[in-house]
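Trainee: Data: protein-v9.cif, mmCIF, C-alpha atoms.
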data_run
loop_
_atom_site.label_atom_id
_atom_site.label_comp_id
_atom_site.auth_asym_id
_atom_site.auth_seq_id
_atom_site.Cartn_x
_atom_site.Cartn_y
_atom_site.Cartn_z
CA GLY A 1 193.74 93.88 155.39
CA ALA A 2 191.46 92.90 158.26
CA LEU A 3 188.27 93.30 156.23
CA THR A 4 189.63 91.14 153.41
CA ALA A 5 190.47 88.42 155.92
CA MET A 6 186.99 88.77 157.38
CA ARG A 7 185.43 88.13 154.00
CA ARG A 8 187.54 85.03 153.41
CA GLY A 9 187.34 83.64 156.92
CA PRO A 10 188.64 80.27 158.19
CA LEU A 11 185.25 78.64 158.16
CA ALA A 12 184.98 76.98 154.75
CA ALA A 13 186.45 73.71 156.01
CA ARG A 14 184.05 73.62 158.96
CA ARG A 15 180.70 74.07 157.26
CA ARG A 16 179.29 74.65 153.82
CA ALA A 17 177.04 77.70 153.74
CA ALA A 18 173.41 76.63 153.88
CA SER A 19 170.67 77.75 151.54
CA ALA A 20 168.87 80.90 152.63
CA ARG A 21 165.68 80.66 154.70
CA ILE A 22 163.17 83.29 155.78
CA LEU A 23 161.43 82.37 159.03
CA ILE A 24 158.15 84.14 159.78
CA ALA A 25 155.97 84.04 162.89
CA GLY A 26 153.46 86.85 163.27
CA ALA A 27 155.48 90.07 163.43
CA ARG A 28 158.75 88.24 164.07
CA ALA A 29 161.00 87.42 161.14
CA ALA A 30 164.48 86.01 160.66
CA TYR A 31 166.90 85.37 157.84
CA VAL A 32 169.18 82.35 158.19
CA GLY A 33 171.80 81.71 155.54
CA PRO A 34 174.91 83.05 153.84
CA ALA A 35 175.84 86.64 154.69
CA LEU A 36 174.21 89.14 152.37
CA ASP A 37 176.58 91.59 150.70
CA LEU A 38 174.53 94.71 151.39
CA ALA A 39 175.55 98.33 150.99
CA PRO A 40 175.26 100.63 154.02
CA HIS A 41 171.58 101.00 154.95
CA ARG A 42 169.14 101.42 157.83
CA ASN A 43 166.19 99.28 158.94
CA ALA A 44 162.95 100.37 160.58
CA ALA A 45 163.06 97.04 162.41
CA ALA A 46 165.57 96.48 165.18
CA THR A 47 167.98 93.79 164.00
CA VAL A 48 170.00 91.21 165.87
CA ALA A 49 172.93 90.03 163.73
CA ILE A 50 174.63 86.76 164.67
CA GLY A 51 177.73 85.28 163.06
CA LEU A 52 177.23 81.54 163.31
CA ASP A 53 180.44 80.42 161.60
CA ALA A 54 182.73 83.43 161.98
CA PRO A 55 182.82 86.94 163.38
CA PHE A 56 181.52 89.78 161.25
CA SER A 57 182.60 93.39 160.91
CA LEU A 58 180.07 96.09 161.77
CA ALA A 59 180.15 99.88 161.54
CA LEU A 60 177.36 102.05 162.95
CA LEU A 61 177.44 105.10 160.70
CA THR A 62 176.43 107.72 163.22
CA ARG A 63 177.94 111.02 164.33
CA HIS A 64 179.39 109.26 167.37
CA ALA A 65 180.96 106.36 165.43
CA PRO A 66 181.36 107.37 161.76
CA GLY A 67 182.69 104.35 159.91
CA ARG A 68 184.49 102.70 162.82
CA TYR A 69 184.35 98.94 162.22
CA THR A 70 184.34 96.51 165.13
CA THR A 71 184.50 92.73 165.11
CA ARG A 72 181.45 90.97 166.59
CA ARG A 73 179.78 87.61 166.95
CA ILE A 74 176.44 89.16 167.92
CA ALA A 75 175.12 92.71 167.80
CA LEU A 76 171.86 94.57 168.28
CA ILE A 77 171.48 97.17 165.54
CA PRO A 78 168.97 99.79 166.73
CA SER A 79 166.02 100.78 164.57
CA GLY A 80 166.77 103.53 162.09
CA THR A 81 170.56 103.32 162.51
CA ARG A 82 172.55 103.50 159.29
CA HIS A 83 175.12 100.73 159.35
CA HIS A 84 177.37 98.53 157.25
CA LEU A 85 177.93 94.85 157.98
CA ILE A 86 180.51 92.57 156.34
CA GLY A 87 180.17 88.91 157.15
CA ALA A 88 181.07 85.43 155.93
CA GLY A 89 179.55 82.01 156.27
CA ASP A 90 176.14 81.42 157.79
CA MET A 91 174.50 84.25 159.69
CA VAL A 92 171.22 85.00 161.43
CA PHE A 93 169.38 88.29 161.14
CA LEU A 94 166.46 88.48 163.55
CA TYR A 95 164.06 91.36 162.89
CA LEU A 96 161.80 92.79 165.59
CA ASP A 97 159.50 95.76 165.20
CA ALA A 98 160.84 98.77 167.06
CA LEU A 99 157.37 99.45 168.49
CA SER A 100 156.89 95.92 169.82
CA ASP A 101 157.20 94.48 173.31
CA ASP A 102 159.65 91.97 171.81
CA HIS A 103 162.09 94.76 171.10
CA ARG A 104 161.84 96.16 174.63
CA ARG A 105 162.40 92.74 176.17
CA LEU A 106 165.32 92.04 173.88
CA ARG A 107 167.09 95.24 174.81
CA GLU A 108 166.72 94.29 178.47
CA SER A 109 168.10 90.80 177.96
CA ALA A 110 171.76 89.82 177.93
CA LEU A 111 172.89 88.76 174.45
CA ASP A 112 176.37 87.59 175.50
CA GLY A 113 176.66 83.89 174.96
CA ALA A 114 173.52 83.58 172.85
CA TRP A 115 175.50 83.28 169.62
CA ALA A 116 177.54 80.43 171.10
CA ARG A 117 174.41 78.43 171.97
CA LEU A 118 173.09 78.86 168.44
CA ALA A 119 176.46 78.24 166.75
CA GLU A 120 176.75 74.90 168.56
CA ASP A 121 173.56 73.60 166.97
CA SER A 122 174.04 70.98 164.28
CA ASP A 123 172.74 71.35 160.73
CA ALA A 124 169.76 69.17 161.69
CA GLU A 125 168.96 71.37 164.68
CA ARG A 126 169.28 74.53 162.60
CA ALA A 127 166.77 73.11 160.14
CA HIS A 128 164.15 73.22 162.90
CA TRP A 129 164.78 76.81 163.95
CA THR A 130 161.79 79.16 163.87
CA ALA A 131 161.53 82.88 164.49
CA ASP A 132 160.00 82.09 167.88
CA SER A 133 162.75 79.65 168.89
CA LEU A 134 165.42 82.19 167.92
CA CYS A 135 163.66 84.78 170.07
CA ARG A 136 163.66 82.39 173.01
CA ALA A 137 167.38 81.69 172.52
CA LEU A 138 167.98 85.44 172.71
CA GLY A 139 166.00 85.86 175.90
CA VAL A 140 162.69 87.05 174.42
CA PRO A 141 159.90 85.08 176.11
CA ASP A 142 156.84 83.71 174.35
CA ARG A 143 153.84 86.00 174.48
CA PRO A 144 151.33 85.35 177.27
CA ALA A 145 147.72 84.39 176.62
CA ILE A 146 145.54 87.17 175.26
CA ASP A 147 141.85 87.99 175.06
CA PRO A 148 140.22 85.28 172.89
CA ARG A 149 138.35 87.93 170.89
CA ILE A 150 141.62 89.55 169.88
CA ALA A 151 143.16 86.14 169.18
CA ALA A 152 140.34 85.34 166.75
CA VAL A 153 140.89 88.60 164.86
CA VAL A 154 144.66 88.07 164.77
CA ARG A 155 144.11 84.70 163.09
CA ARG A 156 141.94 86.37 160.45
CA ILE A 157 144.56 89.08 159.90
CA ASP A 158 147.26 86.43 159.57
CA ALA A 159 145.25 84.72 156.83
CA ARG A 160 144.05 87.84 154.95
CA PRO A 161 145.69 91.07 156.16
CA GLN A 162 144.59 92.83 153.00
CA ASP A 163 140.96 92.67 154.22
CA PHE A 164 141.62 94.96 157.21
CA SER A 165 142.56 98.33 155.74
CA ARG A 166 141.04 100.15 158.74
CA ILE A 167 141.07 99.27 162.41
CA ASP A 168 137.29 99.67 162.68
CA LEU A 169 136.86 96.80 160.20
CA ALA A 170 138.84 94.55 162.53
CA ALA A 171 137.05 95.84 165.64
CA ALA A 172 133.65 95.15 164.06
CA ARG A 173 134.48 91.45 163.89
CA VAL A 174 134.45 91.16 167.68
CA PRO A 175 132.53 93.53 168.10
CA LEU A 176 134.30 96.26 170.05
CA SER A 177 134.73 100.00 169.64
CA ALA A 178 137.84 100.96 167.67
CA SER A 179 139.42 102.56 170.74
CA ARG A 180 138.80 99.52 172.95
CA PHE A 181 140.02 97.16 170.25
CA ARG A 182 143.17 99.24 169.75
CA ALA A 183 144.00 99.05 173.46
CA LEU A 184 143.33 95.31 173.74
CA PHE A 185 145.30 94.58 170.55
CA GLN A 186 148.33 96.54 171.77
CA ALA A 187 148.20 94.81 175.17
CA GLY A 188 147.72 91.32 173.76
CA VAL A 189 149.84 91.33 170.59
CA GLY A 190 152.47 93.70 171.92
CA MET A 191 152.49 96.16 169.04
CA PRO A 192 150.13 98.55 167.22
CA PHE A 193 147.49 97.14 164.88
CA ARG A 194 148.73 98.93 161.76
CA ARG A 195 152.33 97.75 162.26
CA TYR A 196 151.26 94.15 162.77
CA ARG A 197 149.12 94.28 159.64
CA LEU A 198 152.05 95.70 157.61
CA TRP A 199 154.30 92.82 158.69
CA ARG A 200 151.64 90.31 157.73
CA ARG A 201 151.07 91.92 154.32
CA MET A 202 154.79 91.78 153.54
CA ALA A 203 154.93 88.15 154.65
CA LEU A 204 151.95 87.37 152.42
CA VAL A 205 153.86 88.73 149.43
CA LEU A 206 156.90 86.56 150.15
CA GLU A 207 154.73 83.46 150.50
CA ALA A 208 152.90 84.20 147.25
CA VAL A 209 156.14 84.79 145.32
CA ALA A 210 157.62 81.58 146.75
CA ALA A 211 154.52 79.77 145.45
CA GLY A 212 155.14 81.12 141.94
CA ALA A 213 153.25 84.43 141.80
CA SER A 214 154.83 87.48 140.23
CA LEU A 215 156.02 90.21 142.57
CA THR A 216 153.58 92.67 140.99
CA ALA A 217 150.55 90.39 141.40
CA ALA A 218 151.55 89.39 144.94
CA ALA A 219 152.00 93.03 145.97
CA GLN A 220 148.60 94.04 144.64
CA ASP A 221 146.86 91.04 146.20
CA ALA A 222 148.34 92.00 149.58
CA GLY A 223 146.97 95.54 149.29
CA PHE A 224 150.06 97.43 148.10
CA ALA A 225 149.50 100.01 145.37
CA SER A 226 152.30 98.54 143.25
CA SER A 227 155.44 96.44 143.42
CA ALA A 228 157.40 99.70 143.80
CA HIS A 229 155.27 100.62 146.84
CA LEU A 230 155.96 97.18 148.31
CA SER A 231 159.70 97.38 147.64
CA THR A 232 159.94 100.77 149.32
CA ALA A 233 158.07 99.57 152.43
CA PHE A 234 159.99 96.28 152.56
CA ARG A 235 163.40 97.86 152.13
CA GLY A 236 162.54 100.48 154.73
CA MET A 237 161.71 97.76 157.26
CA PHE A 238 164.46 95.21 156.51
CA GLY A 239 167.12 96.98 154.45
CA ILE A 240 166.68 94.65 151.48
CA THR A 241 164.16 94.38 148.66
CA PRO A 242 161.94 91.30 148.22
CA SER A 243 163.35 90.84 144.72
CA ARG A 244 166.83 90.41 146.24
CA LEU A 245 165.52 87.61 148.44
CA VAL A 246 164.02 85.99 145.36
CA GLU A 247 167.40 86.25 143.64
CA VAL A 248 169.21 84.40 146.44
CA GLY A 249 166.55 81.68 146.39
CA ALA A 250 165.43 82.18 149.99
CA ARG A 251 162.95 79.56 151.18
CA ILE A 252 159.94 80.96 153.06
CA GLU A 253 158.90 79.13 156.22
CA ARG A 254 155.93 80.49 158.15
CA ALA A 255 154.92 79.07 161.50
CA ARG A 256 151.27 78.12 161.85
CA ALA A 257 149.21 80.83 163.50
CA SER A 258 149.59 80.24 167.22
CA VAL A 259 147.93 82.89 169.36
CA PRO A 260 147.50 81.75 172.96
CA GLU A 261 144.05 82.58 174.32
CA SER A 262 143.20 83.33 177.91
CA ALA A 263 141.02 80.87 179.74
#
Could you take the file, read its structure, and then write that structure out as structure tokens?
Mentor:
Amino acid sequence: GALTAMRRGPLAARRRAASARILIAGARAAYVGPALDLAPHRNAAATVAIGLDAPFSLALLTRHAPGRYTTRRIALIPSGTRHHLIGAGDMVFLYLDALSDDHRRLRESALDGAWARLAEDSDAERAHWTADSLCRALGVPDRPAIDPRIAAVVRRIDARPQDFSRIDLAAARVPLSASRFRALFQAGVGMPFRRYRLWRRMALVLEAVAAGASLTAAAQDAGFASSAHLSTAFRGMFGITPSRLVEVGARIERARASVPESA
């Protein structure tokens, strides 16, 4: 039927599916590579799905659309929405925290045509994609300059998020009161402190595993109680476990910390 044809697709002659890549930049993340055969699930992160080589089939499993599949080239899957996606060929999944300014700006932007601009890129151009460049292609602007005190703390969190288990520990670096730091962090980074730190801890695990560490050791080093604790948090955010990404051989690419400071 239609879903079988979707899985096969006419794209094999056009392009060989690329190896999987995980692109990380702060609290932005993207998966670029062959479609993942995932069971119905929900993500805490809002997800933009893009079919680069072929359309995909998507069902939002809600009371208003229970199991009704539609054919898409690009779709915004809201945070917390149970869904099922069937794709083929290379795809992009861009993940944005539901509590972030990025998510609000994305929902206000027009996604029509964005997939076409990305699909036209050559293999060489795709190799230079970052999470930030994908956001720009989808109408999410770069973040403006922020308070240099907050920028300095963000760089420390990016390097060692496990060292900041409480917001007052981060605020003391500046120093600011916890309440003042919380407000400046939200305004400058565009999301709550605890959410940003969680994203960075999960990214730290992926980077450590890619460098050869065991999932258990990487999880504990990043401040998770166990690998099971990590897997639960990771799957809740992205709908997939870190071990699954290891299985598909995903390459981790993290952008250098780049936090624009105000003059």
Trainee: Taking all atoms listed in the file into account, which of A:Ala137, A:Ile150, A:Ala213, A:Ala187 comes nearest Ala171 in chain A?
Mentor: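 Distance minimum relative to Ala171 in chain A lands on A:Ile150.
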Trainee: Write out, as CSV, each residue of range 140-241 of chain A that has an atom at most 10 Å from range 44-68 of chain A, together with the closest pair of atoms and their distance in Å to one decimal, counting only C-alpha atoms, rows going by chain and rising number.
Mentor:
residue,atom,partner,partner_atom,distance
A:Ala233,CA,A:Ala44,CA,9.5
A:Phe234,CA,A:Ala44,CA,9.5
A:Arg235,CA,A:Ala44,CA,8.8
A:Gly236,CA,A:Ala44,CA,5.9
A:Met237,CA,A:Ala44,CA,4.4
A:Phe238,CA,A:Ala45,CA,6.3
A:Gly239,CA,A:Ala44,CA,8.2
Trainee: What gap, in Å, lies between CA of Leu118 in chain A and CA of Leu36 in chain A?
Mentor: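 Atom-to-atom, CA of Leu118 in chain A to CA of Leu36 in chain A, that is 19.1 Å.
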Trainee: Could you tell me which residues the PyMOL selection byres ((chain A and resi 191) around 12) returns for this structure, as a ChimeraX atom specification?
Mentor: /A:26-28,96-104,143,182-190,192-199
Trainee: Please write the residues picked by the PyMOL selection byres ((chain A and resi 201) around 8) on this file as a PDB file with C-alpha atoms, in the frame of the given file.
Mentor:
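After the write, out22.pdb holds the following:
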ATOM      1  CA  PRO A 161     145.690  91.070 156.160  1.00  0.00           C
ATOM      2  CA  GLN A 162     144.590  92.830 153.000  1.00  0.00           C
ATOM      3  CA  ARG A 197     149.120  94.280 159.640  1.00  0.00           C
ATOM      4  CA  LEU A 198     152.050  95.700 157.610  1.00  0.00           C
ATOM      5  CA  TRP A 199     154.300  92.820 158.690  1.00  0.00           C
ATOM      6  CA  ARG A 200     151.640  90.310 157.730  1.00  0.00           C
ATOM      7  CA  MET A 202     154.790  91.780 153.540  1.00  0.00           C
ATOM      8  CA  ALA A 203     154.930  88.150 154.650  1.00  0.00           C
ATOM      9  CA  LEU A 204     151.950  87.370 152.420  1.00  0.00           C
ATOM     10  CA  VAL A 205     153.860  88.730 149.430  1.00  0.00           C
ATOM     11  CA  ALA A 222     148.340  92.000 149.580  1.00  0.00           C
ATOM     12  CA  GLY A 223     146.970  95.540 149.290  1.00  0.00           C
TER      13      GLY A 223
END
Trainee: What's around Asp112 in chain A at 12 Å? Count all atoms listed in the file, leave out sequence neighbours fewer than 5 positions away in its own chain, and write the answer as a list in words.
Mentor: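 In the requested form, the answer reads Ile50, Arg72, Arg73, Ile74, Ala75, Leu76, Arg117, Leu118, Ala137, Leu138 and Gly139 of chain A.
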Trainee: Please report the interatomic distance between CA of Ala208 in chain A and CA of Glu247 in chain A in Å with one decimal.
Mentor: 15.1 Å
